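Next comes model03.cif, with mmCIF, C-alpha atoms and all ligand atoms.
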```cif
data_input
#
loop_
_atom_site.label_atom_id
_atom_site.label_comp_id
_atom_site.auth_asym_id
_atom_site.auth_seq_id
_atom_site.Cartn_x
_atom_site.Cartn_y
_atom_site.Cartn_z
CA MET J 1 -24.68 45.45 -57.89
CA ALA J 2 -21.52 43.56 -58.81
CA GLY J 3 -21.49 39.77 -58.44
CA LEU J 4 -19.01 38.13 -56.03
CA ASP J 5 -17.04 36.57 -58.86
CA ASP J 6 -17.14 39.29 -61.53
CA ARG J 7 -13.55 40.46 -61.08
CA HIS J 8 -11.81 41.07 -64.41
CA PRO J 9 -8.17 39.91 -64.84
CA ASP J 10 -7.08 43.50 -65.67
CA ASP J 11 -8.62 44.96 -62.52
CA ILE J 12 -6.42 46.69 -59.96
CA VAL J 13 -7.15 45.21 -56.53
CA VAL J 14 -6.76 47.56 -53.60
CA ASP J 15 -7.04 46.78 -49.90
CA GLU J 16 -9.98 48.51 -48.18
CA LYS J 17 -7.74 50.46 -45.78
CA GLN J 18 -5.40 51.60 -48.56
CA LEU J 19 -8.36 52.76 -50.64
CA HIS J 20 -9.68 54.69 -47.67
CA ALA J 21 -6.27 56.27 -47.01
CA LEU J 22 -5.92 57.21 -50.71
CA THR J 23 -9.36 58.87 -50.70
CA VAL J 24 -8.65 60.82 -47.50
CA ASP J 25 -5.27 61.94 -48.88
CA LEU J 26 -6.81 63.04 -52.19
CA PHE J 27 -9.60 65.13 -50.65
CA ARG J 28 -7.18 66.66 -48.14
CA HIS J 29 -5.11 67.80 -51.12
CA ALA J 30 -8.30 69.14 -52.74
CA GLY J 31 -8.82 71.33 -49.65
CA SER J 32 -11.15 69.30 -47.44
CA GLU J 33 -10.67 69.42 -43.70
CA GLU J 34 -9.72 66.09 -42.10
CA ARG J 35 -13.28 65.19 -41.02
CA GLU J 36 -14.76 65.96 -44.44
CA ALA J 37 -12.10 63.88 -46.21
CA LYS J 38 -12.80 61.00 -43.81
CA LEU J 39 -16.59 61.15 -44.25
CA ILE J 40 -16.20 61.06 -48.05
CA ALA J 41 -13.79 58.13 -47.80
CA ASP J 42 -16.03 56.24 -45.32
CA HIS J 43 -18.92 56.55 -47.75
CA LEU J 44 -17.23 55.85 -51.09
CA VAL J 45 -15.19 52.89 -49.82
CA MET J 46 -18.28 51.40 -48.15
CA ALA J 47 -20.14 51.65 -51.49
CA ASN J 48 -17.33 49.68 -53.18
CA LEU J 49 -17.22 47.15 -50.34
CA SER J 50 -20.99 46.74 -50.72
CA GLY J 51 -20.63 45.98 -54.43
CA HIS J 52 -22.09 49.29 -55.64
CA ASP J 53 -19.04 50.40 -57.61
CA SER J 54 -21.13 52.96 -59.50
CA HIS J 55 -21.29 54.92 -56.20
CA GLY J 56 -17.79 54.20 -54.91
CA VAL J 57 -14.34 55.71 -55.50
CA GLY J 58 -15.14 55.86 -59.22
CA MET J 59 -17.10 59.03 -58.33
CA ILE J 60 -13.86 60.81 -57.29
CA PRO J 61 -13.02 62.19 -60.76
CA ARG J 62 -16.52 63.69 -61.08
CA TYR J 63 -16.34 65.17 -57.57
CA VAL J 64 -12.93 66.73 -58.34
CA ILE J 65 -14.23 68.26 -61.59
CA ASN J 66 -17.10 69.86 -59.65
CA ILE J 67 -14.81 71.08 -56.87
CA LYS J 68 -12.38 72.59 -59.38
CA ALA J 69 -15.26 74.24 -61.29
CA GLY J 70 -16.49 75.83 -58.06
CA LEU J 71 -19.76 73.88 -58.24
CA THR J 72 -19.10 71.92 -55.03
CA PRO J 73 -17.73 74.18 -52.29
CA LEU J 74 -15.69 72.36 -49.63
CA ASN J 75 -16.00 72.36 -45.84
CA ARG J 76 -19.64 73.42 -45.74
CA HIS J 77 -22.01 72.04 -43.15
CA ALA J 78 -25.65 71.08 -42.88
CA GLN J 79 -27.70 74.05 -41.73
CA VAL J 80 -31.08 73.70 -40.03
CA VAL J 81 -33.41 76.21 -41.69
CA LEU J 82 -36.69 75.05 -40.13
CA ASP J 83 -36.76 73.56 -36.68
CA ALA J 84 -40.14 72.49 -35.37
CA GLY J 85 -39.24 69.59 -33.11
CA GLY J 86 -40.01 66.51 -35.17
CA LEU J 87 -40.12 68.54 -38.39
CA LEU J 88 -36.84 69.63 -39.91
CA VAL J 89 -35.69 71.36 -43.07
CA VAL J 90 -31.93 71.11 -43.48
CA ASP J 91 -29.87 72.81 -46.19
CA GLY J 92 -26.66 71.20 -47.43
CA ASN J 93 -25.46 74.54 -48.84
CA ALA J 94 -24.47 72.71 -52.07
CA GLY J 95 -21.47 71.29 -50.18
CA ILE J 96 -20.17 67.73 -50.07
CA GLY J 97 -23.23 65.47 -49.85
CA GLN J 98 -21.55 62.93 -47.58
CA VAL J 99 -21.05 65.65 -44.94
CA ALA J 100 -24.49 67.24 -45.28
CA ALA J 101 -26.38 63.92 -45.18
CA PHE J 102 -24.28 62.63 -42.26
CA GLU J 103 -24.86 65.76 -40.19
CA ALA J 104 -28.55 65.98 -41.12
CA MET J 105 -29.12 62.31 -40.22
CA GLN J 106 -27.41 62.87 -36.86
CA ILE J 107 -29.89 65.66 -36.07
CA ALA J 108 -32.89 63.67 -37.34
CA ILE J 109 -31.89 60.63 -35.27
CA GLU J 110 -31.61 62.74 -32.13
CA ARG J 111 -35.07 64.26 -32.82
CA THR J 112 -36.63 60.83 -33.43
CA LYS J 113 -35.28 59.60 -30.11
CA MET J 114 -36.84 62.65 -28.47
CA HIS J 115 -40.25 62.74 -30.21
CA GLY J 116 -40.64 59.18 -31.54
CA VAL J 117 -40.91 60.46 -35.10
CA CYS J 118 -39.24 62.94 -37.41
CA ALA J 119 -39.86 64.15 -40.96
CA MET J 120 -36.85 65.81 -42.50
CA ALA J 121 -36.45 67.56 -45.83
CA LEU J 122 -32.75 67.65 -46.64
CA ARG J 123 -32.12 69.90 -49.60
CA ASN J 124 -29.38 71.30 -51.79
CA CYS J 125 -26.63 68.70 -51.33
CA SER J 126 -23.99 67.66 -53.80
CA HIS J 127 -24.24 63.94 -54.59
CA ILE J 128 -25.15 62.01 -51.40
CA GLY J 129 -24.12 58.65 -52.90
CA ARG J 130 -25.52 55.32 -51.75
CA ILE J 131 -28.76 56.02 -49.89
CA GLY J 132 -28.49 52.73 -47.96
CA HIS J 133 -25.61 54.38 -46.06
CA TRP J 134 -28.13 56.81 -44.50
CA GLY J 135 -30.67 54.06 -43.85
CA GLU J 136 -27.95 52.04 -42.12
CA MET J 137 -27.16 55.04 -39.92
CA ALA J 138 -30.80 55.16 -38.71
CA ALA J 139 -31.01 51.37 -38.29
CA THR J 140 -27.78 51.35 -36.25
CA ALA J 141 -29.49 53.85 -33.93
CA GLY J 142 -32.42 51.40 -33.63
CA LEU J 143 -34.76 53.45 -35.85
CA ILE J 144 -36.89 52.75 -38.91
CA SER J 145 -36.41 55.12 -41.86
CA THR J 146 -37.66 55.69 -45.39
CA HIS J 147 -35.83 57.94 -47.83
CA TYR J 148 -37.17 59.49 -51.04
CA VAL J 149 -34.45 61.10 -53.16
CA ASN J 150 -34.46 63.11 -56.38
CA VAL J 151 -31.60 64.24 -58.57
CA ILE J 152 -31.42 67.60 -60.32
CA GLY J 153 -28.72 69.78 -61.86
CA HIS J 154 -28.26 67.84 -65.09
CA LYS J 155 -30.51 66.73 -67.94
CA PRO J 156 -33.03 63.97 -67.17
CA TYR J 157 -32.29 60.32 -68.06
CA VAL J 158 -35.48 58.43 -67.18
CA ALA J 159 -38.80 58.33 -69.06
CA PRO J 160 -42.22 58.26 -67.36
CA PHE J 161 -44.28 55.09 -67.95
CA GLY J 162 -45.94 55.54 -71.34
CA GLY J 163 -43.71 58.50 -72.25
CA ALA J 164 -41.21 58.71 -75.09
CA ASP J 165 -38.53 60.95 -73.59
CA ALA J 166 -36.71 61.48 -70.27
CA ARG J 167 -38.37 63.70 -67.66
CA PHE J 168 -36.56 62.90 -64.37
CA SER J 169 -33.56 61.03 -63.08
CA THR J 170 -32.71 57.72 -61.38
CA ASN J 171 -34.42 58.81 -58.10
CA PRO J 172 -33.40 56.28 -55.42
CA TYR J 173 -35.63 54.98 -52.63
CA CYS J 174 -34.52 53.36 -49.38
CA CYS J 175 -36.31 51.70 -46.47
CA ALA J 176 -34.28 50.59 -43.43
CA ILE J 177 -35.66 48.47 -40.57
CA PRO J 178 -33.56 47.50 -37.55
CA ARG J 179 -33.71 43.93 -36.26
CA GLY J 180 -32.93 42.54 -32.83
CA ASP J 181 -29.58 40.82 -32.93
CA GLN J 182 -29.60 40.41 -36.72
CA PRO J 183 -28.22 42.93 -39.24
CA PRO J 184 -30.93 45.33 -40.52
CA PHE J 185 -33.29 45.09 -43.48
CA ILE J 186 -31.88 47.62 -45.98
CA LEU J 187 -33.85 48.04 -49.19
CA ASP J 188 -32.04 50.59 -51.35
CA PHE J 189 -32.33 51.00 -55.10
CA ALA J 190 -32.58 53.40 -58.02
CA THR J 191 -36.10 53.53 -59.47
CA SER J 192 -34.65 53.34 -62.98
CA ARG J 193 -34.35 49.87 -64.54
CA VAL J 194 -30.58 50.34 -64.70
CA ALA J 195 -28.12 52.94 -63.41
CA GLN J 196 -26.84 55.53 -65.90
CA GLY J 197 -23.27 54.43 -64.99
CA LYS J 198 -24.05 50.89 -66.14
CA VAL J 199 -25.36 52.19 -69.50
CA ARG J 200 -22.05 54.06 -69.93
CA VAL J 201 -20.04 50.89 -69.20
CA ALA J 202 -22.04 48.90 -71.79
CA HIS J 203 -21.59 51.72 -74.33
CA ASN J 204 -17.81 51.87 -73.73
CA ARG J 205 -17.56 48.10 -74.10
CA LYS J 206 -19.79 48.23 -77.22
CA LYS J 207 -22.14 45.72 -75.64
CA PRO J 208 -25.95 45.73 -75.93
CA LEU J 209 -27.98 46.19 -72.78
CA PHE J 210 -30.66 43.68 -71.72
CA GLU J 211 -34.16 44.18 -73.11
CA GLY J 212 -36.66 46.39 -71.32
CA ALA J 213 -34.15 48.96 -70.02
CA LEU J 214 -34.00 51.60 -72.78
CA ILE J 215 -35.99 53.44 -75.41
CA ASP J 216 -34.58 55.39 -78.34
CA ARG J 217 -35.29 59.04 -79.14
CA HIS J 218 -38.62 58.04 -80.77
CA GLY J 219 -39.76 56.07 -77.72
CA ASN J 220 -39.11 52.66 -79.31
CA PRO J 221 -37.60 49.84 -77.21
CA THR J 222 -33.88 49.27 -77.86
CA THR J 223 -30.88 47.43 -76.39
CA ASP J 224 -28.38 49.96 -77.86
CA PRO J 225 -26.77 51.94 -74.98
CA GLY J 226 -25.58 54.46 -77.60
CA VAL J 227 -29.05 56.07 -77.53
CA MET J 228 -28.08 57.71 -74.23
CA PHE J 229 -25.09 59.42 -75.89
CA GLN J 230 -26.91 60.95 -78.85
CA ASP J 231 -28.66 64.25 -79.27
CA PRO J 232 -31.63 64.04 -79.01
CA MET J 233 -31.13 61.33 -76.45
CA GLY J 234 -33.13 58.18 -75.70
CA ALA J 235 -34.15 57.33 -72.15
CA ILE J 236 -33.87 54.71 -69.44
CA LEU J 237 -37.15 53.12 -68.31
CA THR J 238 -38.26 52.84 -64.71
CA PHE J 239 -38.29 49.40 -63.03
CA GLY J 240 -41.62 47.62 -62.59
CA GLU J 241 -43.53 49.41 -65.35
CA HIS J 242 -46.28 51.73 -63.99
CA LYS J 243 -45.51 50.76 -60.35
CA GLY J 244 -41.84 51.69 -60.50
CA TYR J 245 -42.78 54.83 -62.39
CA GLY J 246 -45.15 55.78 -59.58
CA MET J 247 -42.41 55.24 -57.03
CA ALA J 248 -39.92 57.30 -59.05
CA LEU J 249 -42.49 60.07 -59.18
CA ALA J 250 -43.13 59.87 -55.41
CA CYS J 251 -39.37 60.41 -54.92
CA GLU J 252 -39.39 63.29 -57.40
CA LEU J 253 -42.34 65.04 -55.78
CA LEU J 254 -41.50 64.54 -52.10
CA ALA J 255 -37.76 65.21 -52.35
CA GLY J 256 -38.08 67.95 -54.98
CA ALA J 257 -41.07 69.92 -53.73
CA PHE J 258 -39.64 70.19 -50.20
CA GLY J 259 -36.12 70.54 -51.59
CA THR J 260 -34.51 72.74 -54.21
CA GLY J 261 -36.85 71.65 -56.96
CA THR J 262 -38.03 68.87 -59.22
CA MET J 263 -36.51 67.92 -62.57
CA HIS J 264 -38.14 70.83 -64.28
CA PRO J 265 -36.13 72.45 -67.12
CA ALA J 266 -35.47 75.41 -64.79
CA THR J 267 -33.36 73.22 -62.46
CA MET J 268 -31.19 71.58 -65.12
CA GLU J 269 -28.76 74.40 -65.70
CA ARG J 270 -26.46 74.06 -62.72
CA GLY J 271 -24.04 71.52 -64.19
CA ALA J 272 -23.44 69.48 -61.02
CA THR J 273 -25.69 66.87 -59.44
CA ILE J 274 -27.82 68.08 -56.58
CA ASN J 275 -29.66 65.56 -54.40
CA ASN J 276 -32.67 66.33 -52.24
CA MET J 277 -33.82 63.70 -49.73
CA PHE J 278 -37.14 63.51 -47.90
CA THR J 279 -36.82 61.19 -44.90
CA PHE J 280 -39.30 59.83 -42.36
CA LEU J 281 -37.89 58.25 -39.20
CA VAL J 282 -39.81 56.33 -36.52
CA ASP J 283 -38.69 54.87 -33.21
CA PRO J 284 -40.30 51.39 -33.09
CA GLY J 285 -40.08 51.47 -29.30
CA LYS J 286 -42.22 54.63 -29.12
CA ILE J 287 -44.98 53.56 -31.51
CA GLY J 288 -45.34 50.10 -29.95
CA ASP J 289 -43.68 47.54 -27.72
CA ARG J 290 -40.18 47.43 -29.19
CA ALA J 291 -39.55 43.81 -28.25
CA ALA J 292 -42.91 42.66 -29.67
CA VAL J 293 -42.40 44.62 -32.91
CA LEU J 294 -38.90 43.20 -33.41
CA ALA J 295 -40.10 39.68 -32.58
CA GLU J 296 -42.84 39.90 -35.22
CA ILE J 297 -40.34 41.24 -37.78
CA GLU J 298 -38.07 38.23 -37.06
CA ARG J 299 -40.99 35.82 -37.30
CA ALA J 300 -42.05 37.24 -40.67
CA LEU J 301 -38.53 37.33 -42.11
CA GLY J 302 -37.79 33.82 -40.87
CA TRP J 303 -40.94 32.55 -42.61
CA VAL J 304 -40.14 34.36 -45.87
CA ILE J 305 -36.51 33.29 -46.19
CA ALA J 306 -37.42 29.69 -45.39
CA SER J 307 -38.95 29.51 -48.88
CA PRO J 308 -37.17 26.70 -50.75
CA PRO J 309 -34.60 28.27 -53.09
CA ALA J 310 -35.49 28.21 -56.77
CA ALA J 311 -33.15 26.54 -59.27
CA GLY J 312 -29.78 28.30 -59.37
CA VAL J 313 -30.37 30.17 -56.08
CA ASP J 314 -28.44 29.30 -52.89
CA LYS J 315 -30.76 30.89 -50.40
CA VAL J 316 -33.57 33.43 -50.22
CA MET J 317 -32.10 36.63 -48.79
CA VAL J 318 -33.31 39.68 -46.88
CA PRO J 319 -32.59 43.06 -48.58
CA GLY J 320 -29.22 44.20 -47.25
CA ASP J 321 -27.82 40.64 -47.21
CA PRO J 322 -26.18 40.84 -50.69
CA GLU J 323 -24.25 43.97 -49.66
CA ARG J 324 -23.11 42.35 -46.40
CA LYS J 325 -22.02 39.22 -48.25
CA MET J 326 -20.01 41.36 -50.67
CA ARG J 327 -18.43 43.33 -47.81
CA ALA J 328 -17.13 40.14 -46.21
CA HIS J 329 -15.77 39.00 -49.59
CA ARG J 330 -14.07 42.27 -50.54
CA ARG J 331 -12.68 42.86 -47.05
CA ALA J 332 -10.88 39.55 -47.44
CA GLN J 333 -10.01 39.75 -51.15
CA GLY J 334 -9.60 43.49 -51.77
CA VAL J 335 -11.65 45.93 -53.86
CA PRO J 336 -11.36 45.49 -57.64
CA ILE J 337 -11.11 48.70 -59.68
CA ASP J 338 -11.16 48.64 -63.45
CA PRO J 339 -8.08 50.19 -65.13
CA THR J 340 -10.05 53.07 -66.71
CA THR J 341 -11.45 54.12 -63.34
CA TRP J 342 -8.03 53.74 -61.68
CA GLY J 343 -6.45 55.93 -64.39
CA GLU J 344 -9.17 58.57 -63.92
CA MET J 345 -8.59 58.51 -60.16
CA LEU J 346 -4.86 59.11 -60.67
CA GLU J 347 -5.66 62.01 -63.00
CA ALA J 348 -8.03 63.44 -60.39
CA GLY J 349 -5.23 63.13 -57.82
CA ALA J 350 -2.84 64.99 -60.14
CA LYS J 351 -5.43 67.77 -60.56
CA VAL J 352 -5.41 68.38 -56.79
CA GLY J 353 -1.61 68.40 -56.66
CA MET J 354 -0.81 64.80 -55.76
CA ASN J 355 2.23 63.01 -57.02
CA ARG J 356 1.36 60.05 -59.27
CA VAL J 357 4.07 57.87 -57.73
CA ASP J 358 2.68 58.51 -54.24
CA LEU J 359 -0.81 57.64 -55.46
CA GLU J 360 0.37 54.40 -57.05
CA LYS J 361 1.83 53.38 -53.66
CA TYR J 362 -1.70 52.87 -52.36
CA ARG J 363 -2.02 49.86 -54.66
CA GLY J 364 0.15 48.04 -52.14
P1 LIG V 401 -29.73 47.13 -57.00
O1 LIG V 401 -30.53 46.90 -58.23
O2 LIG V 401 -28.45 46.38 -56.83
O3 LIG V 401 -30.70 46.78 -55.75
C1 LIG V 401 -30.18 46.85 -54.49
C2 LIG V 401 -31.23 46.47 -53.45
O4 LIG V 401 -31.81 45.20 -53.72
C3 LIG V 401 -30.54 46.33 -52.10
O5 LIG V 401 -31.43 46.69 -51.08
C4 LIG V 401 -30.21 44.84 -52.05
O6 LIG V 401 -29.99 44.36 -50.73
C5 LIG V 401 -31.46 44.27 -52.67
N1 LIG V 401 -31.24 42.95 -53.27
C6 LIG V 401 -30.45 42.69 -54.35
N2 LIG V 401 -30.48 41.38 -54.62
C7 LIG V 401 -31.30 40.80 -53.70
C8 LIG V 401 -31.74 39.45 -53.45
N3 LIG V 401 -31.36 38.45 -54.21
N4 LIG V 401 -32.56 39.25 -52.40
C9 LIG V 401 -32.97 40.26 -51.60
N5 LIG V 401 -32.60 41.56 -51.80
C10 LIG V 401 -31.78 41.81 -52.84
O7 LIG V 401 -29.42 48.67 -56.75
P2 LIG V 401 -29.39 49.85 -57.83
O8 LIG V 401 -30.77 50.21 -58.26
O9 LIG V 401 -28.38 49.51 -58.89
O10 LIG V 401 -28.83 51.06 -56.93
C11 LIG V 401 -27.46 51.08 -56.57
C12 LIG V 401 -27.16 52.21 -55.63
O11 LIG V 401 -27.23 53.43 -56.32
C13 LIG V 401 -28.09 52.35 -54.43
O12 LIG V 401 -27.27 52.34 -53.27
C14 LIG V 401 -28.74 53.72 -54.60
O13 LIG V 401 -28.99 54.42 -53.39
C15 LIG V 401 -27.70 54.42 -55.43
N6 LIG V 401 -28.23 55.56 -56.21
C16 LIG V 401 -27.95 56.83 -55.79
C17 LIG V 401 -28.40 57.92 -56.54
C18 LIG V 401 -28.10 59.33 -56.10
O14 LIG V 401 -28.47 60.25 -56.80
N7 LIG V 401 -27.46 59.57 -54.97
C19 LIG V 401 -29.15 57.71 -57.70
C20 LIG V 401 -29.43 56.41 -58.08
C21 LIG V 401 -28.97 55.33 -57.33
#
```

Give the structure from the file, written as structure tokens.
Amino acid sequence: MAGLDDRHPDDIVVDEKQLHALTVDLFRHAGSEEREAKLIADHLVMANLSGHDSHGVGMIPRYVINIKAGLTPLNRHAQVVLDAGGLLVVDGNAGIGQVAAFEAMQIAIERTKMHGVCAMALRNCSHIGRIGHWGEMAATAGLISTHYVNVIGHKPYVAPFGGADARFSTNPYCCAIPRGDQPPFILDFATSRVAQGKVRVAHNRKKPLFEGALIDRHGNPTTDPGVMFQDPMGAILTFGEHKGYGMALACELLAGAFGTGTMHPATMERGATINNMFTFLVDPGKIGDRAAVLAEIERALGWVIASPPAAGVDKVMVPGDPERKMRAHRRAQGVPIDPTTWGEMLEAGAKVGMNRVDLEKYRG
């Protein structure tokens, strides 16, 4: 994620509410109903506020391309295709991922409150963005959740441990745990060493990437991001060597096998990203004494974060804290957007019939 102080002097800084209003306006012009436009804006702006710019409003140009190409149909809804109480299969109908995941999570939360547990396979969604958003939704409802996500519809970027070419994508994992009166534990990351978007930024800026993130087309380690823009292409490595690879594969198998497929060559043809998400939810109050469980979680976290900070570190944090810190900062200071992304957003607005002058007004 972005650091608190990594704003570039050329960046355009937009107020959170203006950015939200711009996003709603743009998707309304694209043909989204009011609620859909709002759900997209809620999600993308929250990703920027959280410091995950790779999953924020910078996705708008890609979404508009897919809408215009007919690959992402608008105003579709999550559809329950298997309903067995605590077991759900929900189809996103290839529509806007932020709508499908929101509606599917609403159903899964209701089922977990009823049965204490729910396993849901959500399949066939356009990009569902920052997975922590869905973990936060469960945690806000007082529930524990784990999310295994795979990505299909385009060529693979990530190599298996010990392999010399890419065989799957950046497959994110999320675990969310509610706390008593404290904000929740939200662990949410891509299983690749680095996001594909960050490789693109380094390539555009002609900067090498740190060691241990990439291999070239022959499987040799490299710091040259250009290997991801050649044919044949290099690959991104998974985090944590064989352990991260195993986790990436767990995401691939669980999300893909119960979803619309794994990153097999047969699923690469579509042209637009499709996410599948396999989610387990548990009500901590139904599997144990809620108060006792939450008290033990607090005791453990208190003990862990009391570790004396290492040199250069302010404080040991709980996963989810960096995003909350960034939200407070950006809510006060505005959301920085690099000029290239801003230009692409204006172009996307023009493609859906918006006036450039009106769009520029959102800069405030
Ligand atoms: P990242 O490397 O920034 O890791 C984020 C996680 O680490 C968060 O849980 C954060 O709270 C925690 N964390 C970071 N610093 C910490 C610290 N000092 N102490 C304690 N915890 C700390 O994330 P990433 O791998 O770059 O992923 C970014 C986003 O991209 C995620 O939201 C992910 O869901 C999303 N993503 C989505 C897709 C998709 O297809 N929809 C694919 C890949 C990634």

request  = State, in Å with one decimal place, the distance from atom CA of J:Gln79 to atom CA of J:Trp134.
outcome  = 17.5 Å

message = Distance limit 6 Å, reference ligand LIG 401 (chain V), atoms considered: all atoms listed in the file. Which residues make the cut? Give them as a list in words.
response =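 Checked against 6 Å with all atoms listed in the file; the hits are Met1, His52, His127, Ile128, Gly129, Arg130, Ile131, Gly132, Val151, Thr170, Asn171, Pro172, Ile186, Leu187, Asp188, Phe189, Ala190, Ala195, Asn275, Met317, Val318, Pro319, Gly320, Asp321, Pro322 and Glu323 of chain J.
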
request  = Counting all atoms listed in the file, note down every residue that has an atom within 10 Å of the point (-22.5, 62.7, -47.4) (file coordinates), as a ChimeraX atom specification.
outcome  = /J:36,39-44,92,95-105,125-131,133-134

task = Would you mind listing what lies within 12 Å of stretch 62-72 of chain J as number ranges by chain, with all atoms listed in the file counted and same-chain residues fewer than 3 positions away left out?
result = J: 23, 26-32, 40, 44, 54-59, 75-76, 92-98, 124-129, 153, 269-274, 341, 344-353

query = Looking at all atoms listed in the file, which of J:Phe258, J:Trp303, J:Phe280, J:Trp342 is the one that sits closest to J:Gly86?
reply =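 The closest residue to J:Gly86 is J:Phe280.
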
request  = Go through J:Ala332, J:Leu74, J:Leu359, J:Ala159 and flag the residue nearest J:Leu249, using all atoms listed in the file for the distances.
outcome  =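 Closest residue, counting all atoms listed in the file: J:Ala159.
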
task = Can you pull out every residue within 10 Å of stretch 327-331 of chain J, counting all atoms listed in the file, but drop anything in the same chain fewer than 5 positions away, and send it as a list in words?
result =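 My list of contacting residues is Leu4, Asp5, Val13, Val14, Asp15, Glu16, Lys17, Met46, Ala47, Asn48, Leu49, Ser50, Gly51, Asp321, Pro322 and Pro336 of chain J.
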
task = Please identify all polymer residues within 12 Å of J:Phe278, counting all atoms listed in the file, omitting same-chain residues fewer than 6 positions from it, and present them as a PyMOL selection string.
result = chain J and resi 87-91+101+104-105+108+118-124+131+134+145-150+171-175+250-260

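In this structure, atom CA of J:Gly162 sits 8.9 Å away from atom CA of J:Gly219.
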
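Note that the spacing between atom CA of J:Arg324 and atom CA of J:Ala141 amounts to 18.1 Å.
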
inquiry  = I'd like to know which of J:Val304, J:Val316, J:Ile236, J:Val24 is closest to J:Asn220, using all atoms listed in the file.
reply    = J:Ile236

request  = Do a neighbour search on stretch 8-12 of chain J at 10 Å with all atoms listed in the file, toss out local chain neighbours closer than 4 positions, and write the hits as a ChimeraX atom specification.
outcome  = /J:334-342,363

ask   = Which neighbours of stretch 241-243 of chain J fall inside 9 Å, counting only C-alpha atoms, when residues of the same chain fewer than 5 positions from it are skipped, and could you give them as an NGL selection string?
value = :J and (160-162 or 248)

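Distances to J:Thr191 were evaluated for J:Ala176, J:His203, J:Arg35, J:Phe239 using all atoms listed in the file, and the minimum falls at J:Phe239.
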
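Distance cut-off 10 Å, centre (-27.5, 48.9, -79.7), atoms counted all atoms listed in the file; the residues meeting this are Ala202, His203, Lys206, Lys207, Pro208, Leu209, Leu214, Asp216, Thr222, Thr223, Asp224, Pro225, Gly226 and Val227 of chain J.
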
Using the block above, I'd like stretch 101-115 of chain J written out, keeping N, CA and C atoms and formatting it as a PDB file, in the first residue's frame.
```pdb
ATOM      1  N   ALA J 101     -20.759  -8.867  -5.105  1.00  0.00           N
ATOM      2  CA  ALA J 101     -20.135  -9.252  -3.828  1.00  0.00           C
ATOM      3  C   ALA J 101     -20.912  -8.647  -2.656  1.00  0.00           C
ATOM      4  N   PHE J 102     -21.381  -7.416  -2.822  1.00  0.00           N
ATOM      5  CA  PHE J 102     -22.158  -6.771  -1.749  1.00  0.00           C
ATOM      6  C   PHE J 102     -23.441  -7.566  -1.477  1.00  0.00           C
ATOM      7  N   GLU J 103     -24.152  -7.896  -2.537  1.00  0.00           N
ATOM      8  CA  GLU J 103     -25.430  -8.599  -2.357  1.00  0.00           C
ATOM      9  C   GLU J 103     -25.197 -10.020  -1.823  1.00  0.00           C
ATOM     10  N   ALA J 104     -24.155 -10.679  -2.340  1.00  0.00           N
ATOM     11  CA  ALA J 104     -23.856 -12.044  -1.888  1.00  0.00           C
ATOM     12  C   ALA J 104     -23.459 -12.033  -0.415  1.00  0.00           C
ATOM     13  N   MET J 105     -22.640 -11.065  -0.017  1.00  0.00           N
ATOM     14  CA  MET J 105     -22.222 -10.986   1.395  1.00  0.00           C
ATOM     15  C   MET J 105     -23.423 -10.697   2.294  1.00  0.00           C
ATOM     16  N   GLN J 106     -24.356  -9.895   1.823  1.00  0.00           N
ATOM     17  CA  GLN J 106     -25.567  -9.623   2.626  1.00  0.00           C
ATOM     18  C   GLN J 106     -26.305 -10.931   2.915  1.00  0.00           C
ATOM     19  N   ILE J 107     -26.439 -11.775   1.876  1.00  0.00           N
ATOM     20  CA  ILE J 107     -27.159 -13.050   2.052  1.00  0.00           C
ATOM     21  C   ILE J 107     -26.366 -13.965   2.986  1.00  0.00           C
ATOM     22  N   ALA J 108     -25.047 -14.033   2.769  1.00  0.00           N
ATOM     23  CA  ALA J 108     -24.210 -14.934   3.586  1.00  0.00           C
ATOM     24  C   ALA J 108     -24.212 -14.498   5.054  1.00  0.00           C
ATOM     25  N   ILE J 109     -24.230 -13.214   5.302  1.00  0.00           N
ATOM     26  CA  ILE J 109     -24.256 -12.702   6.684  1.00  0.00           C
ATOM     27  C   ILE J 109     -25.572 -13.099   7.362  1.00  0.00           C
ATOM     28  N   GLU J 110     -26.644 -12.948   6.623  1.00  0.00           N
ATOM     29  CA  GLU J 110     -27.970 -13.308   7.175  1.00  0.00           C
ATOM     30  C   GLU J 110     -27.995 -14.807   7.516  1.00  0.00           C
ATOM     31  N   ARG J 111     -27.427 -15.642   6.609  1.00  0.00           N
ATOM     32  CA  ARG J 111     -27.409 -17.097   6.845  1.00  0.00           C
ATOM     33  C   ARG J 111     -26.535 -17.466   8.044  1.00  0.00           C
ATOM     34  N   THR J 112     -25.424 -16.749   8.198  1.00  0.00           N
ATOM     35  CA  THR J 112     -24.512 -17.051   9.313  1.00  0.00           C
ATOM     36  C   THR J 112     -25.185 -16.701  10.638  1.00  0.00           C
ATOM     37  N   LYS J 113     -25.954 -15.636  10.631  1.00  0.00           N
ATOM     38  CA  LYS J 113     -26.667 -15.264  11.867  1.00  0.00           C
ATOM     39  C   LYS J 113     -27.719 -16.315  12.205  1.00  0.00           C
ATOM     40  N   MET J 114     -28.262 -16.938  11.165  1.00  0.00           N
ATOM     41  CA  MET J 114     -29.298 -17.955  11.350  1.00  0.00           C
ATOM     42  C   MET J 114     -28.691 -19.294  11.782  1.00  0.00           C
ATOM     43  N   HIS J 115     -27.636 -19.734  11.091  1.00  0.00           N
ATOM     44  CA  HIS J 115     -27.113 -21.093  11.296  1.00  0.00           C
ATOM     45  C   HIS J 115     -25.794 -21.140  12.074  1.00  0.00           C
TER      46      HIS J 115
END
```
